[in-house]
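Colleague: What follows is the file start11.cif, containing mmCIF, C-alpha atoms:
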data_start
loop_
_atom_site.label_atom_id
_atom_site.label_comp_id
_atom_site.auth_asym_id
_atom_site.auth_seq_id
_atom_site.Cartn_x
_atom_site.Cartn_y
_atom_site.Cartn_z
CA MET W 94 6.89 -0.41 -2.42
CA LEU W 95 5.81 -1.22 1.11
CA HIS W 96 7.14 2.20 2.10
CA TYR W 97 4.79 3.91 -0.37
CA ALA W 98 1.83 1.91 0.93
CA VAL W 99 2.58 3.07 4.47
CA VAL W 100 2.99 6.67 3.30
CA PHE W 101 -0.39 6.64 1.54
CA PHE W 102 -1.98 5.05 4.62
CA ILE W 103 -0.61 7.85 6.81
CA ILE W 104 -1.86 10.44 4.33
CA ALA W 105 -5.29 8.81 4.50
CA LEU W 106 -5.29 8.93 8.30
CA ILE W 107 -4.34 12.61 8.33
CA ALA W 108 -6.92 13.46 5.66
CA ALA W 109 -9.62 11.57 7.57
CA ALA W 110 -8.72 13.40 10.78
CA PHE W 111 -9.23 16.75 9.04
CA GLY W 112 -12.49 15.64 7.41
CA PHE W 113 -11.40 15.19 3.82
CA GLY W 114 -13.33 11.98 3.10
CA GLY W 115 -12.71 11.83 -0.64
CA ILE W 116 -8.97 12.27 -0.37
CA ALA W 117 -8.81 9.76 2.49
CA SER W 118 -10.70 7.09 0.55
CA GLY W 119 -8.51 7.65 -2.50
CA ALA W 120 -5.32 7.34 -0.46
CA VAL W 121 -6.60 4.17 1.22
CA GLY W 122 -7.38 2.68 -2.19
CA ILE W 123 -3.89 3.43 -3.44
CA ALA W 124 -2.36 2.02 -0.26
CA LYS W 125 -4.35 -1.22 -0.64
CA VAL W 126 -3.25 -1.67 -4.23
CA LEU W 127 0.40 -1.04 -3.40
CA PHE W 128 0.29 -3.43 -0.44
CA VAL W 129 -1.24 -6.24 -2.51
CA LEU W 130 1.29 -5.62 -5.26
CA PHE W 131 4.07 -5.79 -2.66
CA LEU W 132 2.75 -9.11 -1.35
CA VAL W 133 2.52 -10.61 -4.84
CA LEU W 134 6.05 -9.52 -5.73
CA ALA W 135 7.41 -10.79 -2.40
CA VAL W 136 5.85 -14.23 -2.91
CA LEU W 137 7.11 -14.42 -6.49
CA SER W 138 10.56 -13.43 -5.31
CA LEU W 139 10.54 -16.18 -2.70
CA ILE W 140 9.35 -18.79 -5.19
CA PHE W 141 11.79 -17.94 -7.97
CA GLY W 142 14.66 -17.26 -5.58
CA ARG W 143 14.60 -20.80 -4.23
CA ARG W 144 14.82 -22.43 -7.67
CA ARG W 145 18.45 -21.47 -8.19
#
How does this structure look as structure tokens?

Modeller:
Amino acid sequence: MLHYAVVFFIIALIAAAFGFGGIASGAVGIAKVLFVLFLVLAVLSLIFGRRR
């Protein structure tokens, strides 16, 4: 999941460099959501992994 966040961030950087503002902002939004989802799942994995 972190890989997809990085990929969308790179897409946003390339789109911003070529002047596609709408595509860049959309890709940044997707990257932010995926990164937050990755963080939540990583924390949950750490919490529930230590219980056993």

Colleague: Residues at most 8 Å from segment 128-133 of chain W, counting only C-alpha atoms, excluding those fewer than 4 positions away in the same chain, as a list in words?

Modeller: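 Residues meeting the cut-off are Met94, Leu95, Ala98, Ala124 and Leu137 of chain W.
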
Colleague: Could you tell me, as an MDAnalysis selection string, exactly which residues end up selected when the PyMOL selection byres ((chain W and resi 118) around 12) is applied to this structure?

Modeller: chainID W and resid 101:109 112:117 119:125

Colleague: Could you give me the centre and size, in Å to one decimal, of an axis-aligned box around all listed atoms of segment 120-123 of chain W with 5 Å added on every side, as lines of an AutoDock Vina configuration file?

Modeller:
center_x = -5.6
center_y = 5.0
center_z = -1.1
size_x = 13.5
size_y = 14.7
size_z = 14.7
